[in-house]
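*Asks:* Take this structure, written in structure tokens, and hold onto it; I'll ask about it next.
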Amino acid sequence: MSEINEEVVRGGQGQVLNPETYRDSIGTMEQSGKRKWVFPKKPKGKYTNYRDLVSYTLLIMYFVIPFIKINGNPFFLLNVINGEYFIAGQPFYPQDFFILTLGAIASLIFIIVFTIAFGRIFCGWICPQTIFMESVFRKIEFWIEGDRNKQMRLDRQEWNTEKIWKRTLKWSIYIIISLIITHIMFMYIVGYEKVFKIISEGPFENITNFIVMILFTATFYFVFAWFREQVCTLVCPYGRLQGVLIDKETINVFYDFKRGENRSKWRKGEDRKVTGKGDCIDCYQCVAVCPTGIDIRDGQQLECVNCTACIDACDEIMEKVGLPKGLIRYASEKEIETGTPYKFTSRMKGFAAILILLIGFLGFLLSSRGDMEAKFIKPAGSTFFVREGKIINTYNYTFLNKTNNKKIVTIKVIEPAHAEINYSASSKIVVDRDKISKGTINISFPESQMNLSKQNITIGVYDLNGKLIDSYQTYFEGPFKLQIP
């Protein structure tokens with residue numbers, strides 16, 4: 001039986017509960033500015049189970065996605081070093097960067113809309129910092145050092161055999177996990193094949209990569225072994241942004257102060273309403289389980305990451321003492337103050353409409369993105385030459401196949417119609433999937449029909465069925481002719 005169960009039972013004998021006092025552990029900073037280490041109690045309950053399910057699903061996705069390929073392409077790759085980008089198996093190129101930029105803008109607006117409506121739920125349920133901290137590193141800590149009270153006792157005791165053994169084991173596992181996280185992260189950048197190649201070749205063959213991996217591993221270890229909740233309370237800009245976005249109609253984890261006050265210890269058989277006491281029995285379990293060390297009863301705070309641990313802790317106590325659950329729950333401040341049900345506000349509707357328009361425009365850009373990009377550029381310093389009554393210009397072509405299929409294409413001059421093409425090789429040009437093909441062509445035009453020294457020309461690229469894939473407009477040079485009126 002846990003310590004709170006024992007306390008509730010003792011309270012059932014008629015005397016005031018005397019639970020462990022947690023006031024000295026509230027927050028993460030002393031008044032002097034010195035860091036106060038947070039020892040959260042292991043949470044349990046409905047929301048904790050839901051969060052574990054979400055966390056494990058996302059963790060599996062994180063570790064599996066780098067190994068997934070679609071039509072031979074990585075499912076997701078952001079190789080900023082070589083300019084290779086794959087999303088859902090589709091290649092993106094620097095020329096498509098504007099699409100990725102719009103996607104980033106749409107994501108930002110989505111976060112804004114989501115925060116306005118539901119507060120900081122992202123932090124407690126989806127944020128990688130929270131998932132790794134609470135579902136990986138914290139669980140290892142519970143497994144090795146025990147729950148809150150045992151961790152606090154271990155922290156206070158001298159460096160004896162037990163403490164050295166437990167801390168060494170914990171920190172060693174943290175280093176191994178940080179190393180694994182780093183390697184998986186690099187797979188999202190260069191691909192798993194490259195990472196395995198670097199590992200097999202050893203650090204001396206890839207000294208730069210080795211140093212970078214060590215630095216990232218050290219960063220992950222520092223964050224999860226020591227910095228911890230201070231990432232959320234001191235560093236993360238999203239927590240500061242939340243203060244600007246939320247209002248009284250935003251859904252957050254709230255303490256129902258109208259129902260909970262006045263706080264008082266639990267006495268069995270006491271009619272709390274008659275004595276003017278609220279439902280909060282001042283057990284401090286909501287504070288004990290908080291991973292950022294705050295007291296949710298003090299109102300909405302920027303340090304709250306909406307992890308719901310306090311909801312589960314409070315519901316458990318309410319059930320034990322026979323009071324209704326939901327003293328701490330998902331609600332809006334307006335709902336708590338006035339009892340008004342939650343509604344979708346005009347501001348939320350406006351942001352949602354912008355988001356829908358952006359997503360629609362983004363979808364249009366993705367669907368209309370061409371299968372191939374073609375360019376025809378005159379070589380630097382080149383000019384025309386005349387042969388047998390025809391003016392000839394040379395062009396270097398570059399074809400980029402953006403599809404997952406090999407393309408066989410031909411080149412035709414769309415305008416002017418009298419132009420002809422002479423190939424340096426075959427007229428059927430093969431462009432492999434996700435590859436660039438380069439070559440040279442000569443375009444000739446009758447000198448008698450050349451009225452200007454430089455005129456526009458449109459060149460088209462066609463598939464074997466005669467379908468226009470892409471076109472490119474450039475210029476055609478000829479001899480200067482003096483126009484006399």
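FYI, nothing fancy with the structure tokens labels: chains A, B, ... in order, residues from 1 per chain, ligands from 1 as they appear.
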Which residues, written as a list in words, have at least one atom at most 7 Å from Ala419 in chain A, with only C-alpha atoms counted and residues fewer than 6 positions away on the same chain left out?
*Replies:*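 My list of contacting residues is Val413, Ile443, Ser444 and Phe445 of chain A.
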*Asks:* Using only C-alpha atoms, which residues sit within 12 Å of range 69-81 of chain A once same-chain residues fewer than 3 positions away are excluded, as a PDB file with C-alpha atoms, in the first residue's frame?
*Replies:*
```pdb
ATOM      1  CA  MET A  61       7.653   5.942 -35.097  1.00  0.00           C
ATOM      2  CA  TYR A  62      10.856   7.837 -34.269  1.00  0.00           C
ATOM      3  CA  VAL A  64      11.289   3.000 -37.248  1.00  0.00           C
ATOM      4  CA  ILE A  65      10.731   5.804 -39.800  1.00  0.00           C
ATOM      5  CA  PRO A  66      14.424   6.138 -40.864  1.00  0.00           C
ATOM      6  CA  GLU A  84      18.245  16.145 -50.408  1.00  0.00           C
ATOM      7  CA  TYR A  85      14.747  16.226 -48.968  1.00  0.00           C
ATOM      8  CA  PHE A  86      12.175  13.422 -48.920  1.00  0.00           C
ATOM      9  CA  ILE A  87       8.733  13.645 -47.333  1.00  0.00           C
ATOM     10  CA  ALA A  88       6.440  10.604 -47.489  1.00  0.00           C
ATOM     11  CA  GLY A  89       8.834   9.144 -50.068  1.00  0.00           C
ATOM     12  CA  GLN A  90       8.477  12.106 -52.422  1.00  0.00           C
ATOM     13  CA  PRO A  91      11.671  14.001 -53.328  1.00  0.00           C
ATOM     14  CA  PHE A  92      11.882  17.747 -52.801  1.00  0.00           C
ATOM     15  CA  TYR A  93      14.602  19.967 -54.169  1.00  0.00           C
ATOM     16  CA  PRO A  94      15.928  23.464 -53.532  1.00  0.00           C
ATOM     17  CA  PHE A  97      11.859  25.140 -51.072  1.00  0.00           C
ATOM     18  CA  LEU A 100       8.433  23.518 -47.644  1.00  0.00           C
ATOM     19  CA  ILE A 184      18.715   7.775 -35.067  1.00  0.00           C
ATOM     20  CA  MET A 185      18.604  11.569 -35.402  1.00  0.00           C
ATOM     21  CA  PHE A 186      21.519  11.445 -37.862  1.00  0.00           C
ATOM     22  CA  MET A 187      19.633   8.815 -39.873  1.00  0.00           C
ATOM     23  CA  TYR A 188      16.984  11.473 -40.529  1.00  0.00           C
ATOM     24  CA  ILE A 189      19.726  13.655 -42.010  1.00  0.00           C
ATOM     25  CA  VAL A 190      22.019  11.343 -43.988  1.00  0.00           C
ATOM     26  CA  GLY A 191      20.091   8.050 -44.071  1.00  0.00           C
ATOM     27  CA  TYR A 192      20.621   4.846 -42.123  1.00  0.00           C
ATOM     28  CA  GLU A 193      23.002   3.416 -44.741  1.00  0.00           C
ATOM     29  CA  LYS A 194      25.424   6.311 -44.275  1.00  0.00           C
ATOM     30  CA  LYS A 402      11.082  14.571 -59.693  1.00  0.00           C
ATOM     31  CA  THR A 403       9.173  11.307 -59.932  1.00  0.00           C
ATOM     32  CA  ASN A 404       9.882   7.764 -58.784  1.00  0.00           C
ATOM     33  CA  ASN A 405       9.811   6.457 -62.378  1.00  0.00           C
ATOM     34  CA  LYS A 406      12.344   6.576 -65.210  1.00  0.00           C
ATOM     35  CA  ARG A 433      14.097   8.674 -61.271  1.00  0.00           C
ATOM     36  CA  ASP A 434      15.263  11.328 -58.849  1.00  0.00           C
TER      37      ASP A 434
END
```
*Asks:* Contacts between range 227-251 of chain A and range 190-222 of chain A, please, where a residue of range 190-222 of chain A counts if it comes within 10 Å (with only C-alpha atoms); show its shortest atom pair and distance in Å to one decimal, rows by chain and ascending number, as a Markdown table.
*Replies:*
```
| residue | atom | partner | partner_atom | distance |
| --- | --- | --- | --- | --- |
| A:Thr219 | CA | A:Phe227 | CA | 9.9 |
| A:Phe220 | CA | A:Phe227 | CA | 9.7 |
| A:Tyr221 | CA | A:Phe227 | CA | 9.1 |
| A:Phe222 | CA | A:Phe227 | CA | 6.2 |
```
*Asks:* What are the DSSP strand (DSSP E or B) residues of range 82-157 of chain A, as a list in words?
*Replies:*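 Here is the list: Glu84, Tyr85, Phe86, Ile87, Gln90, Pro91 and Phe92 of chain A.
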*Asks:* Give me, please, the distance in Å between CA of Phe351 in chain A and CA of Ile121 in chain A, quoted to one decimal.
*Replies:*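 Distance reported for this atom pair: 17.9 Å.
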*Asks:* Using backbone DSSP assignments, extract all helix (DSSP H, G or I) residues from range 238-275 of chain A; output them as JSON, numbers by chain.
*Replies:* {"A": [238, 239, 240, 241, 242, 243, 244, 245, 257, 258, 259, 260]}
*Asks:* Write a file of the selected residues as a compact mmCIF listing (two decimals), in the first residue's frame, keeping N, CA and C atoms.
*Replies:*
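Output saved as selection_36.txt:
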```
# COMPACT_ATOMS: atom_id res chain seq x y z
N TYR A 238 8.16 28.30 -26.64
CA TYR A 238 6.73 28.02 -26.76
C TYR A 238 5.99 28.34 -25.46
N GLY A 239 6.65 28.10 -24.32
CA GLY A 239 6.04 28.42 -23.04
C GLY A 239 5.79 29.91 -22.91
N ARG A 240 6.74 30.73 -23.42
CA ARG A 240 6.55 32.18 -23.37
C ARG A 240 5.46 32.61 -24.35
N LEU A 241 5.41 31.95 -25.52
CA LEU A 241 4.40 32.27 -26.52
C LEU A 241 3.01 31.98 -25.99
N GLN A 242 2.91 30.96 -25.15
CA GLN A 242 1.61 30.57 -24.62
C GLN A 242 0.95 31.72 -23.86
N GLY A 243 1.75 32.48 -23.13
CA GLY A 243 1.19 33.59 -22.35
C GLY A 243 0.53 34.64 -23.21
N VAL A 244 0.95 34.74 -24.48
CA VAL A 244 0.36 35.71 -25.39
C VAL A 244 -0.90 35.16 -26.04
N LEU A 245 -0.93 33.85 -26.29
CA LEU A 245 -2.00 33.26 -27.09
C LEU A 245 -3.23 32.86 -26.30
N PHE A 257 -11.12 26.25 -8.32
CA PHE A 257 -10.98 26.91 -7.02
C PHE A 257 -12.33 27.18 -6.36
N LYS A 258 -13.39 27.34 -7.16
CA LYS A 258 -14.71 27.60 -6.57
C LYS A 258 -15.21 26.39 -5.80
N ARG A 259 -14.83 25.23 -6.29
CA ARG A 259 -15.23 24.00 -5.60
C ARG A 259 -14.20 23.60 -4.54
N GLY A 260 -12.94 23.89 -4.76
CA GLY A 260 -11.88 23.39 -3.88
C GLY A 260 -11.63 24.21 -2.64
```
*Asks:* So that I can check the surroundings of Asn465 in chain A, please list as a VMD selection string every protein, DNA and RNA residue that reaches within 12 Å of it, counting only C-alpha atoms and ignoring chain neighbours fewer than 6 positions away.
*Replies:* chain A and resid 407 to 410
*Asks:* So, with only C-alpha atoms as the atoms that count, which of A:Ile392, A:Ile181, A:Ile356, A:Leu366 lies closest to Ala106 in chain A?
*Replies:*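 Result for the nearest residue to Ala106 in chain A: A:Ile356.
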*Asks:* Restricting the calculation to only C-alpha atoms: of A:His418, A:Arg156, A:Lys163, A:Lys412, which residue gets closest to Ile144 in chain A?
*Replies:*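 Using only C-alpha atoms, Ile144 in chain A sits closest to A:Lys163.
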*Asks:* Can you list, as JSON, numbers by chain, every protein, DNA or RNA residue that comes within 12 Å of range 42-54 of chain A when you count only C-alpha atoms, leaving out same-chain residues fewer than 3 positions away?
*Replies:* {"A": [2, 39, 57, 58, 59, 60, 61, 121, 122, 123, 124, 125, 126, 127, 128, 130, 131, 132, 134, 135, 136, 138, 139, 140, 141, 142, 143, 145, 146, 147, 148, 149, 150, 151, 253, 285, 286, 287, 288, 289, 290, 291, 306, 307, 308, 309, 310, 311, 312, 313, 314, 315, 316, 317, 319, 329, 330]}
*Asks:* If we count only C-alpha atoms, what is near Lys277 in chain A at a cut-off of 7 Å, once residues fewer than 3 positions away on the same chain are taken out, given as a ChimeraX atom specification?
*Replies:* /A:261-264,272-273
*Asks:* Using CA of Ala352 in chain A and CA of Ile112 in chain A as the two end points, give the distance in Å to one decimal.
*Replies:*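 A separation of 9.5 Å between them.
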*Asks:* Closest to Ile99 in chain A among A:Leu362, A:Ile441, A:Ile354, A:Met318, using only C-alpha atoms?
*Replies:*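 Answer, going by the shortest atom-to-atom distance: A:Leu362.
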*Asks:* Any idea what's packed within 8 Å of Met348 in chain A, counting only C-alpha atoms, ignoring anything in its chain fewer than 2 positions away? Could you give it as a PDB file with N, CA and C atoms, in the first residue's frame?
*Replies:*
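Saved as around_35.pdb:
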```pdb
ATOM      1  N   VAL A 113      -3.299  28.077 -33.612  1.00  0.00           N
ATOM      2  CA  VAL A 113      -4.722  27.748 -33.458  1.00  0.00           C
ATOM      3  C   VAL A 113      -4.914  26.722 -32.342  1.00  0.00           C
ATOM      4  N   ILE A 116      -4.390  28.380 -28.941  1.00  0.00           N
ATOM      5  CA  ILE A 116      -5.517  29.242 -28.579  1.00  0.00           C
ATOM      6  C   ILE A 116      -6.678  28.403 -28.064  1.00  0.00           C
ATOM      7  N   ALA A 117      -6.913  27.250 -28.716  1.00  0.00           N
ATOM      8  CA  ALA A 117      -8.050  26.413 -28.345  1.00  0.00           C
ATOM      9  C   ALA A 117      -7.751  25.503 -27.159  1.00  0.00           C
ATOM     10  N   PHE A 344     -16.268  27.452 -29.406  1.00  0.00           N
ATOM     11  CA  PHE A 344     -15.258  27.827 -30.396  1.00  0.00           C
ATOM     12  C   PHE A 344     -15.417  29.313 -30.678  1.00  0.00           C
ATOM     13  N   THR A 345     -14.451  30.145 -30.255  1.00  0.00           N
ATOM     14  CA  THR A 345     -14.574  31.595 -30.346  1.00  0.00           C
ATOM     15  C   THR A 345     -14.328  32.095 -31.765  1.00  0.00           C
ATOM     16  N   SER A 346     -14.665  33.369 -31.980  1.00  0.00           N
ATOM     17  CA  SER A 346     -14.454  33.979 -33.298  1.00  0.00           C
ATOM     18  C   SER A 346     -12.973  34.022 -33.651  1.00  0.00           C
ATOM     19  N   GLY A 350     -11.313  32.355 -36.956  1.00  0.00           N
ATOM     20  CA  GLY A 350     -10.509  33.104 -37.916  1.00  0.00           C
ATOM     21  C   GLY A 350      -9.188  32.420 -38.217  1.00  0.00           C
ATOM     22  N   PHE A 351      -8.484  31.989 -37.166  1.00  0.00           N
ATOM     23  CA  PHE A 351      -7.216  31.290 -37.368  1.00  0.00           C
ATOM     24  C   PHE A 351      -7.437  29.958 -38.078  1.00  0.00           C
ATOM     25  N   ALA A 352      -8.520  29.268 -37.721  1.00  0.00           N
ATOM     26  CA  ALA A 352      -8.808  27.984 -38.357  1.00  0.00           C
ATOM     27  C   ALA A 352      -9.076  28.165 -39.856  1.00  0.00           C
TER      28      ALA A 352
END
```
*Asks:* So how far away is CA of Ile436 in chain A from CA of Asp371 in chain A, in Å?
*Replies:*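 CA of Ile436 in chain A lies at a distance of 12.5 Å from CA of Asp371 in chain A.
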*Asks:* Choose the residue, out of A:Ser427, A:Thr474, A:Thr383, A:Asn160, that has the smallest atom-to-atom separation from Ile414 in chain A; count only C-alpha atoms.
*Replies:*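 Ranked by minimum distance to Ile414 in chain A, first place goes to A:Thr474.
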*Asks:* Using only C-alpha atoms, find the one residue out of A:Ser332, A:Asn422, A:Ser448, A:Ser471 that sits nearest to Phe118 in chain A.
*Replies:*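 Going through A:Ser332, A:Asn422, A:Ser448, A:Ser471 one by one, the smallest distance to Phe118 in chain A is for A:Ser332.
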